[in-house]
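K.L.:
Contents of target_36.tsv (TSV, C-alpha atoms):
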chain	number	residue	atom	x	y	z
A	1	MET	CA	0.00	0.00	0.00
A	2	LEU	CA	2.76	2.33	0.92
A	3	ALA	CA	4.74	1.35	-2.14
A	4	ALA	CA	1.73	2.04	-4.34
A	5	ALA	CA	1.16	5.44	-2.85
A	6	PHE	CA	4.78	6.46	-2.99
A	7	PRO	CA	6.38	4.75	-5.94
A	8	SER	CA	9.90	6.07	-5.75
A	9	LEU	CA	12.49	5.13	-3.20
A	10	ILE	CA	12.92	8.72	-2.13
A	11	HIS	CA	9.29	9.25	-1.29
A	12	GLY	CA	9.23	6.01	0.63
A	13	ALA	CA	12.28	7.07	2.58
A	14	LEU	CA	10.74	10.45	3.29
A	15	VAL	CA	7.61	8.79	4.62
A	16	VAL	CA	9.65	6.42	6.77
A	17	GLY	CA	11.57	9.39	8.12
A	18	ALA	CA	8.34	11.19	8.90
A	19	VAL	CA	6.91	8.14	10.67
A	20	LEU	CA	10.06	7.72	12.74
A	21	PHE	CA	9.97	11.38	13.67
A	22	VAL	CA	6.33	11.19	14.72
A	23	LEU	CA	6.96	8.01	16.71
A	24	GLY	CA	9.73	9.76	18.58
A	25	LEU	CA	7.51	12.76	19.16
A	26	VAL	CA	4.72	10.63	20.58
A	27	GLY	CA	7.26	8.85	22.74
A	28	ILE	CA	8.57	12.11	24.17
A	29	LEU	CA	5.07	13.32	24.86
A	30	THR	CA	3.79	10.19	26.48
A	31	ARG	CA	6.60	8.47	28.29
A	32	ARG	CA	7.67	9.54	31.74
A	33	ASN	CA	10.94	7.70	32.09
A	34	LEU	CA	13.69	10.19	31.37
A	35	ILE	CA	15.82	7.68	29.54
A	36	VAL	CA	12.98	6.50	27.34
A	37	MET	CA	12.17	10.12	26.56
A	38	PHE	CA	15.76	10.49	25.54
A	39	LEU	CA	15.60	7.39	23.36
A	40	SER	CA	12.56	8.90	21.69
A	41	ALA	CA	14.55	12.04	20.92
A	42	GLU	CA	17.18	9.86	19.31
A	43	LEU	CA	14.42	8.21	17.30
A	44	MET	CA	13.40	11.63	16.03
A	45	LEU	CA	17.00	12.26	15.03
A	46	GLN	CA	17.01	9.00	13.11
A	47	GLY	CA	13.93	10.05	11.21
A	48	ILE	CA	15.59	13.34	10.35
A	49	SER	CA	18.70	11.50	9.18
A	50	VAL	CA	16.71	9.26	6.85
A	51	SER	CA	14.93	12.29	5.40
A	52	LEU	CA	18.17	14.18	4.93
A	53	VAL	CA	19.84	11.31	3.13
A	54	ALA	CA	16.80	10.87	0.92
A	55	TRP	CA	16.88	14.54	-0.04
A	56	SER	CA	20.59	14.31	-0.61
A	57	ARG	CA	20.07	11.44	-3.01
A	58	TYR	CA	17.31	13.37	-4.73
A	59	HIS	CA	19.52	16.38	-5.27
A	60	GLY	CA	22.54	14.34	-6.15
A	61	ASP	CA	24.95	16.04	-3.80
A	62	PHE	CA	26.44	15.39	-0.39
A	63	GLY	CA	24.97	18.23	1.60
A	64	GLY	CA	22.51	15.96	3.38
A	65	HIS	CA	25.20	13.41	4.09
A	66	ALA	CA	27.42	16.04	5.64
A	67	LEU	CA	24.54	17.28	7.73
A	68	VAL	CA	23.85	13.75	8.98
A	69	VAL	CA	27.48	13.44	10.02
A	70	PHE	CA	27.04	16.53	12.15
A	71	VAL	CA	23.76	15.19	13.48
A	72	LEU	CA	25.62	12.11	14.63
A	73	THR	CA	28.29	14.23	16.27
A	74	VAL	CA	25.85	16.45	18.08
A	75	ALA	CA	23.80	13.42	19.13
A	76	ALA	CA	26.87	11.88	20.72
A	77	CYS	CA	27.64	15.09	22.63
A	78	GLU	CA	24.03	15.47	23.63
A	79	ALA	CA	23.81	11.91	24.86
A	80	ALA	CA	26.91	12.33	26.99
A	81	VAL	CA	25.82	15.58	28.61
A	82	ALA	CA	22.18	14.67	29.01
A	83	LEU	CA	22.91	11.29	30.53
A	84	VAL	CA	25.06	13.03	33.10
A	85	PHE	CA	22.12	15.23	33.96
A	86	VAL	CA	19.80	12.24	34.08
A	87	LEU	CA	22.14	10.54	36.52
A	88	GLN	CA	22.28	13.66	38.65
A	89	ALA	CA	18.51	13.86	38.62
A	90	PHE	CA	18.30	10.24	39.64
A	91	ALA	CA	20.75	10.86	42.46
A	92	ARG	CA	18.56	13.66	43.76
A	93	THR	CA	15.12	12.14	43.45
A	94	GLY	CA	15.76	8.44	43.37
A	95	ARG	CA	13.58	8.05	40.33
A	96	LEU	CA	13.88	8.38	36.59
A	97	ASP	CA	10.45	9.94	36.54
A	98	SER	CA	10.05	13.26	34.80
A	99	ALA	CA	7.12	14.03	37.10
A	100	ALA	CA	9.54	14.09	40.01
A	101	TRP	CA	10.60	17.49	38.78
A	102	GLN	CA	7.16	18.93	38.49
A	103	SER	CA	7.79	21.49	41.18
A	104	LEU	CA	9.66	23.35	38.45
A	105	ARG	CA	6.41	23.89	36.59
A	106	ASP	CA	4.59	27.18	36.21
A	107	THR	CA	2.49	28.27	39.11
A	108	GLU	CA	-0.80	28.07	37.23
A	109	VAL	CA	-0.18	24.55	35.98
A	110	PRO	CA	-1.89	22.00	38.21
A	111	ARG	CA	0.12	19.36	39.91
A	112	ARG	CA	0.11	15.95	38.35
A	113	ILE	CA	-1.27	13.25	40.59
A	114	ASP	CA	-0.95	9.62	39.72
A	115	ARG	CA	-4.41	8.23	40.08
A	116	GLU	CA	-3.93	5.35	37.72
A	117	LEU	CA	-1.23	3.68	39.72
A	118	PRO	CA	-2.03	0.53	41.61
A	119	ALA	CA	-2.09	1.07	45.33
A	120	THR	CA	0.90	-1.13	45.93
A	121	ASP	CA	3.10	0.96	43.71
A	122	THR	CA	2.63	4.12	45.67
A	123	VAL	CA	4.34	2.69	48.70
A	124	SER	CA	7.86	1.92	47.67
A	125	PRO	CA	8.73	1.65	44.03
A	126	ARG	CA	12.37	1.39	44.94
A	127	SER	CA	12.18	-1.81	46.87
A	128	GLY	CA	15.05	-3.99	45.92
A	129	HIS	CA	16.88	-1.20	44.26
A	130	GLY	CA	20.54	-1.51	43.53
A	131	SER	CA	21.91	1.70	45.02
A	132	PRO	CA	20.97	1.82	48.66
A	133	ARG	CA	23.75	4.24	49.44
A	134	ARG	CA	21.89	7.21	48.09
A	135	ALA	CA	18.64	5.99	49.45
A	136	SER	CA	19.99	5.83	52.96
A	137	SER	CA	22.36	8.74	53.04
A	138	ARG	CA	20.27	11.35	51.30
A	139	PRO	CA	16.77	10.08	51.36
A	140	THR	CA	14.65	13.15	51.25
A	141	THR	CA	16.15	15.96	49.31
A	142	THR	CA	13.71	18.04	47.36
A	143	ALA	CA	16.31	20.13	45.71
A	144	PRO	CA	14.22	21.43	42.81
A	145	ASN	CA	12.20	23.50	45.21
A	146	PRO	CA	13.54	27.00	45.50
A	147	PRO	CA	13.39	28.23	49.06
A	148	GLY	CA	10.31	30.34	48.51
A	149	SER	CA	8.24	27.80	46.68
A	150	THR	CA	5.04	26.45	48.08
A	151	SER	CA	5.04	22.95	46.78
A	152	ASP	CA	3.27	21.53	49.77
A	153	GLY	CA	0.54	24.11	49.48
A	154	GLN	CA	-0.20	23.04	45.95
A	155	SER	CA	-0.10	19.40	46.59
A	156	SER	CA	-3.70	19.19	47.65
A	157	VAL	CA	-5.04	21.07	44.68
A	158	GLY	CA	-4.79	18.43	42.01
A	159	ARG	CA	-6.17	18.82	38.57
A	160	PRO	CA	-9.10	21.12	38.03
A	161	GLY	CA	-12.30	19.20	37.95
A	162	ALA	CA	-10.67	16.16	39.38
A	163	GLY	CA	-12.86	16.06	42.43
A	164	HIS	CA	-11.35	15.46	45.80
A	165	PRO	CA	-7.86	14.09	45.56
A	166	ASP	CA	-7.12	10.77	47.04
A	167	PRO	CA	-5.51	11.40	50.41
A	168	SER	CA	-3.37	8.33	50.12
A	169	LEU	CA	-1.74	9.82	47.05
A	170	THR	CA	-1.65	13.50	47.79
A	171	GLY	CA	-1.34	13.57	51.52
A	172	SER	CA	1.72	11.43	51.70
A	173	ARG	CA	4.02	14.37	51.23
A	174	SER	CA	4.41	15.98	54.53
A	175	PRO	CA	5.47	19.60	54.28
A	176	CYS	CA	9.11	20.48	54.09
A	177	VAL	CA	10.81	21.89	57.06
A	178	PRO	CA	12.16	25.38	56.41
A	179	CYS	CA	15.08	25.34	54.08
A	180	SER	CA	18.38	25.84	55.72
A	181	SER	CA	21.00	26.46	53.09
A	182	SER	CA	20.37	25.17	49.64
A	183	SER	CA	17.81	22.44	49.88
A	184	CYS	CA	14.68	21.51	51.74
A	185	HIS	CA	14.54	18.38	53.76
A	186	CYS	CA	11.28	16.58	54.04
A	187	SER	CA	10.40	13.98	56.51
A	188	ARG	CA	9.13	11.73	53.79
A	189	SER	CA	10.53	11.14	50.39
A	190	TRP	CA	9.12	12.11	47.04
A	191	ARG	CA	8.52	8.64	46.02
A	192	GLY	CA	5.76	8.33	48.52
A	193	TRP	CA	3.22	9.41	46.00
B	1	MET	CA	14.36	-2.23	6.05
B	2	ALA	CA	11.67	0.33	6.48
B	3	ALA	CA	9.51	-2.25	8.22
B	4	VAL	CA	12.33	-3.17	10.57
B	5	ALA	CA	12.93	0.48	11.39
B	6	LEU	CA	9.27	1.24	11.94
B	7	VAL	CA	8.58	-1.84	14.04
B	8	GLY	CA	11.62	-1.12	16.15
B	9	GLY	CA	10.63	2.51	16.58
B	10	ALA	CA	7.06	1.71	17.50
B	11	ALA	CA	8.14	-0.93	19.98
B	12	THR	CA	10.61	1.53	21.52
B	13	VAL	CA	7.79	3.86	22.33
B	14	VAL	CA	5.28	1.22	23.34
B	15	THR	CA	7.37	-1.13	25.47
B	16	ARG	CA	7.05	-0.57	29.16
B	17	SER	CA	10.43	-1.76	30.27
B	18	PRO	CA	13.13	0.81	29.47
B	19	VAL	CA	15.71	-1.90	28.89
B	20	TYR	CA	13.54	-3.52	26.26
B	21	ALA	CA	12.90	-0.09	24.80
B	22	ALA	CA	16.64	0.39	24.39
B	23	ILE	CA	16.98	-2.98	22.70
B	24	TRP	CA	14.07	-2.26	20.38
B	25	PHE	CA	15.76	1.02	19.61
B	26	ALA	CA	18.80	-0.97	18.53
B	27	LEU	CA	16.56	-2.85	16.12
B	28	ALA	CA	15.23	0.45	14.80
B	29	LEU	CA	18.81	1.59	14.38
B	30	ALA	CA	19.60	-1.49	12.36
B	31	GLY	CA	16.64	-0.77	10.12
B	32	VAL	CA	17.67	2.84	9.69
B	33	ALA	CA	21.22	1.84	8.89
B	34	GLY	CA	19.96	-0.58	6.26
B	35	LEU	CA	17.78	2.15	4.83
B	36	LEU	CA	20.76	4.48	4.65
B	37	LEU	CA	22.72	1.78	2.83
B	38	VAL	CA	19.90	1.34	0.35
B	39	LEU	CA	19.80	5.08	-0.17
B	40	GLY	CA	23.46	5.07	-1.10
B	41	ALA	CA	24.95	6.41	2.11
B	42	GLN	CA	27.37	3.63	2.94
B	43	PHE	CA	29.46	5.62	5.35
B	44	LEU	CA	26.46	6.90	7.24
B	45	GLY	CA	24.95	3.46	7.52
B	46	VAL	CA	28.10	2.05	9.05
B	47	ALA	CA	28.60	5.14	11.19
B	48	THR	CA	25.07	4.86	12.52
B	49	ILE	CA	25.69	1.32	13.62
B	50	VAL	CA	29.08	2.11	15.11
B	51	VAL	CA	28.25	5.37	16.83
B	52	TYR	CA	24.68	4.78	17.87
B	53	ALA	CA	24.46	1.08	18.53
B	54	GLY	CA	28.06	0.80	19.59
B	55	ALA	CA	28.48	3.83	21.76
B	56	ILE	CA	25.33	5.75	22.54
B	57	LEU	CA	23.09	2.77	23.11
B	58	VAL	CA	25.66	1.07	25.32
B	59	MET	CA	25.85	4.29	27.32
B	60	PHE	CA	22.08	4.24	27.68
B	61	LEU	CA	22.17	0.68	28.92
B	62	PHE	CA	24.89	1.54	31.41
B	63	VAL	CA	22.81	4.38	32.79
B	64	LEU	CA	19.78	2.12	32.93
B	65	MET	CA	21.70	-0.46	34.90
B	66	LEU	CA	22.94	2.24	37.23
B	67	ALA	CA	19.62	3.85	37.76
B	68	GLN	CA	16.82	1.45	37.06
B	69	PRO	CA	15.00	-0.25	39.89
B	70	THR	CA	14.33	-3.91	39.57
B	71	GLY	CA	11.03	-4.61	38.02
B	72	LEU	CA	8.79	-2.06	36.45
B	73	ALA	CA	8.71	1.34	38.05
B	74	PRO	CA	5.23	2.80	38.34
B	75	TYR	CA	6.09	5.74	36.16
B	76	ASP	CA	6.83	3.32	33.35
B	77	ARG	CA	3.31	2.01	33.45
B	78	VAL	CA	1.54	5.34	33.37
B	79	SER	CA	1.88	7.63	30.42
B	80	ASN	CA	1.19	11.30	30.05
B	81	GLU	CA	-1.89	12.10	27.98
B	82	PRO	CA	-1.57	9.16	25.60
B	83	LEU	CA	-4.68	9.97	23.60
B	84	LEU	CA	-3.85	13.61	23.11
B	85	SER	CA	-0.31	12.98	22.02
B	86	ALA	CA	-1.36	10.16	19.72
B	87	VAL	CA	-3.80	12.55	18.07
B	88	ALA	CA	-1.10	15.20	17.77
B	89	GLY	CA	1.30	12.69	16.27
B	90	GLY	CA	-1.34	11.48	13.86
B	91	VAL	CA	-2.08	15.01	12.70
B	92	LEU	CA	1.59	15.77	12.20
B	93	LEU	CA	2.10	12.52	10.33
B	94	ALA	CA	-0.89	13.23	8.09
B	95	LEU	CA	0.44	16.68	7.31
B	96	LEU	CA	3.88	15.35	6.49
B	97	THR	CA	2.51	12.54	4.37
B	98	VAL	CA	0.26	14.87	2.44
B	99	SER	CA	3.09	17.27	1.76
B	100	ILE	CA	5.35	14.44	0.66
B	101	GLY	CA	2.62	13.09	-1.56
B	102	ARG	CA	2.20	16.50	-3.12
B	103	LEU	CA	5.87	16.51	-3.93
B	104	SER	CA	5.44	13.57	-6.21
B	105	ALA	CA	2.56	15.17	-8.08
B	106	GLU	CA	4.27	18.43	-8.56
B	107	PRO	CA	2.68	20.93	-10.95
B	108	PRO	CA	4.81	22.47	-13.68
B	109	ALA	CA	7.04	25.24	-12.53
B	110	CYS	CA	5.31	27.95	-14.52
B	111	CYS	CA	2.03	27.98	-12.69
B	112	GLN	CA	2.47	26.71	-9.18
B	113	VAL	CA	1.65	28.55	-6.07
B	114	PRO	CA	4.85	28.68	-4.08
B	115	SER	CA	3.98	26.73	-1.04
B	116	ARG	CA	7.00	25.87	1.01
B	117	ALA	CA	7.53	22.32	-0.13
B	118	ASP	CA	6.86	23.17	-3.74
B	119	ALA	CA	9.16	26.14	-3.55
B	120	VAL	CA	11.91	23.97	-2.21
B	121	ALA	CA	11.29	21.37	-4.86
B	122	ALA	CA	11.11	23.89	-7.67
B	123	ALA	CA	13.94	26.15	-6.66
B	124	ALA	CA	16.62	23.75	-5.62
B	125	VAL	CA	15.91	20.61	-7.58
B	126	PRO	CA	17.12	20.10	-11.10
B	127	ALA	CA	14.48	19.20	-13.63
B	128	ARG	CA	14.87	15.53	-12.93
B	129	PRO	CA	16.58	13.97	-9.99
B	130	ALA	CA	20.26	13.41	-10.47
B	131	ASP	CA	21.43	10.01	-11.45
B	132	PRO	CA	21.71	7.97	-8.27
B	133	ALA	CA	24.38	5.73	-9.76
B	134	ALA	CA	26.69	8.69	-10.07
B	135	LEU	CA	26.29	9.19	-6.34
B	136	ASP	CA	27.05	5.61	-5.48
B	137	ALA	CA	30.46	5.46	-7.09
B	138	ASP	CA	33.18	6.46	-4.67
B	139	ALA	CA	30.56	7.78	-2.33
B	140	VAL	CA	32.71	7.59	0.77
B	141	ALA	CA	35.64	9.34	-0.87
B	142	ARG	CA	33.42	12.05	-2.22
B	143	LEU	CA	31.75	12.50	1.15
B	144	GLY	CA	35.14	12.89	2.73
B	145	ALA	CA	36.16	15.44	0.13
B	146	GLU	CA	32.94	17.32	0.72
B	147	LEU	CA	33.34	17.25	4.49
B	148	PHE	CA	36.93	18.37	4.54
B	149	GLY	CA	36.53	20.80	1.69
B	150	ARG	CA	33.31	22.69	1.92
B	151	HIS	CA	32.55	21.93	5.55
B	152	LEU	CA	36.03	22.11	6.99
B	153	VAL	CA	35.23	24.83	9.50
B	154	ALA	CA	32.14	22.96	10.60
B	155	VAL	CA	34.18	19.81	11.11
B	156	GLU	CA	36.58	21.73	13.30
B	157	ALA	CA	33.67	23.19	15.22
B	158	ALA	CA	32.24	19.71	15.70
B	159	GLY	CA	35.54	18.56	17.11
B	160	VAL	CA	35.55	21.45	19.54
B	161	LEU	CA	31.96	20.63	20.44
B	162	LEU	CA	32.90	17.06	21.26
B	163	LEU	CA	35.73	18.24	23.46
B	164	VAL	CA	33.52	20.76	25.23
B	165	ALA	CA	30.85	18.14	25.82
B	166	LEU	CA	33.43	15.78	27.28
B	167	VAL	CA	34.85	18.41	29.60
B	168	GLY	CA	31.38	19.65	30.52
B	169	ALA	CA	30.12	16.20	31.40
B	170	ILE	CA	33.11	15.56	33.63
B	171	ALA	CA	32.73	18.98	35.24
B	172	VAL	CA	29.06	18.41	35.99
B	173	VAL	CA	29.76	15.02	37.53
B	174	SER	CA	32.58	16.28	39.72
B	175	ARG	CA	30.63	19.32	40.86
B	176	GLY	CA	27.60	17.19	41.61
B	177	GLU	CA	29.68	14.86	43.74
B	178	ALA	CA	31.25	17.82	45.54
B	179	ALA	CA	27.83	19.25	46.32
B	180	GLU	CA	26.61	15.86	47.47
B	181	SER	CA	29.49	15.40	49.86
B	182	ALA	CA	29.07	18.96	51.14
B	183	GLU	CA	25.38	18.31	51.82
B	184	ARG	CA	26.22	15.10	53.56
B	185	GLY	CA	28.76	16.91	55.68
B	186	ALA	CA	26.23	19.60	56.55
B	187	ALA	CA	23.59	17.02	57.43
Would you put the structure from the file into C-alpha cells?
P.N.:
Amino acid sequence: MLAAAFPSLIHGALVVGAVLFVLGLVGILTRRNLIVMFLSAELMLQGISVSLVAWSRYHGDFGGHALVVFVLTVAACEAAVALVFVLQAFARTGRLDSAAWQSLRDTEVPRRIDRELPATDTVSPRSGHGSPRRASSRPTTTAPNPPGSTSDGQSSVGRPGAGHPDPSLTGSRSPCVPCSSSSCHCSRSWRGW
Amino acid sequence: MAAVALVGGAATVVTRSPVYAAIWFALALAGVAGLLLVLGAQFLGVATIVVYAGAILVMFLFVLMLAQPTGLAPYDRVSNEPLLSAVAGGVLLALLTVSIGRLSAEPPACCQVPSRADAVAAAAVPARPADPAALDADAVARLGAELFGRHLVAVEAAGVLLLVALVGAIAVVSRGEAAESAERGAA
C-alpha cells in the first residue's frame, strides 16, 4: 500500500523518516521515564537523518550526508551531557520519573497526581533497588524547590475538575521543614506518591 | 528495512520496560542503517551502527543499569496524555505525508503557487533527480572530500563541540559529587 502510494524510493524514505519522527515525538510526549524520553529524541534524530539522506540522493549532492554526520556528532555530545544530567537527577530524586521534577512547573499549571497507579506501587517503588547508598544517606532531598516555593501548598489542589484528591496519594508528602542552606529536607521522600 | 525500522521505533515507544525499549531502539537503528545503505549512504549506515548502537546505546544501557530499579517502576506504566499525544502525532504525520505526496505530483514550474515544499522542490531541484548511480560510485571518498573541503570549518567546530561536551560532562559530575558530599557533611 505504501509502495503504491509512494512509488519512488525517495518518497518512501521520506515517509519512513516522517513516521520515525512522529513516533519519537509521541514517545517524548507520552513516556515519563527520562531515559525513554531520551531514546525517543534519538528516534526523532534517526527520522531526520533518513529524510536528509533521501533529499541528498534526490539532489545528487552530499549536503545531506554532511549534515547527517554533524547530526551524529551532536547526538553523541548530547547523549553524553544529558545522561550526566539524568544521573544527577536520579541521584537527587531516586527516580527516573520526569514528574519528580514537576515542582519546576509554572504556578498556574496544576500538579500531576498519579491516580492510575495501583495502590501497591505508591508505597515503595524502589524496593530492591541496587543503590541503597543514596537511598539511605540522602533520602529526602527536594532540591528542585527553591526556598520560597510552596510545593506543599499546591499538593492538595490536584487537577481542576478532578474532584477530591485521594488522600493516600496527595497527603503522603508531609510539608518540608524550612530550608536551611540550599535544599529543603522533608520527613518523607518524594517517592511516597 | 523500512519495516524493521518502523517496528523497532514503534516498539521503543510502546514497550514498558526501558531496557527492552533500548533494545528495540537498537533494532530500529539497524533498520535505519539498512535504509541508509539502500539510499546510497554507505558511510552513514556504518557510522550509525558504530556510533549509535556501539556507543550511545551502550551508554544508555549503562545508565539504565545504574539507575533502574528492579522490576517495572510505576512511572513506566503510566503515560502522560496518551490519547492527546497520539492525536497530535497522527495530525503531524498526516500533514507530512500529504506534503510528501504533493511533492510527487508536482505541478509544472510555470504555474504553481509557491507553497514551502513546492518552492523547495522547484527552486533547488534540477528538472529531474540526479542520477543515483553517479552518487554511489566512490561515495565515501566524495563525502570525505565534501566534508573536509566545503565543511572544513564545521568539522573543526564539531571537534571542539565534542571536546567541550566531554569536559562539561566531567565537570558536571565532579561538581555534583562535591555538592553531594558537602550536603552530607552539613547534614
K.L.:
Between B:Glu146, B:Leu161, B:Glu81, B:Ala73, which one has atoms that come closest to Ser17 in chain B, using all atoms listed in the file?
P.N.:
B:Ala73
K.L.:
Tell me, in Å to one decimal, how far CA of Leu64 in chain B is from CA of Val172 in chain B.
P.N.:
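Straight-line distance from CA of Leu64 in chain B to CA of Val172 in chain B works out to 19.0 Å.
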K.L.:
Counting all atoms listed in the file, I want the residues whose atoms come within 6 Å of (2.7, 10.5, 25.0) in the file frame, returned as a VMD selection string.
P.N.:
(chain A and resid 26 to 27 29 to 31) or (chain B and resid 80 to 82 85)
K.L.:
Have a look at CA of Arg92 in chain A and CA of Gly176 in chain B and let me know their distance in Å, one decimal.
P.N.:
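Those two atoms sit 9.9 Å apart.
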K.L.:
List the neighbours of Gly45 in chain B out to 9 Å using all atoms listed in the file; skip same-chain residues closer than 5 positions along the sequence, and give me the result as a PyMOL selection string.
P.N.:
chain B and resi 30+32-37+40+50
K.L.:
Using only C-alpha atoms, which protein or nucleic acid residues come within 8 Å of Val19 in chain A? Drop anything in the same chain fewer than 3 positions from it, and give the result as a ChimeraX atom specification.
P.N.:
/A:15-16,22-23,47 /B:6,93
K.L.:
Between CA of Leu25 in chain A and CA of Ser40 in chain A, what distance in Å does the model show, to one decimal?
P.N.:
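Those two atoms sit 6.8 Å apart.
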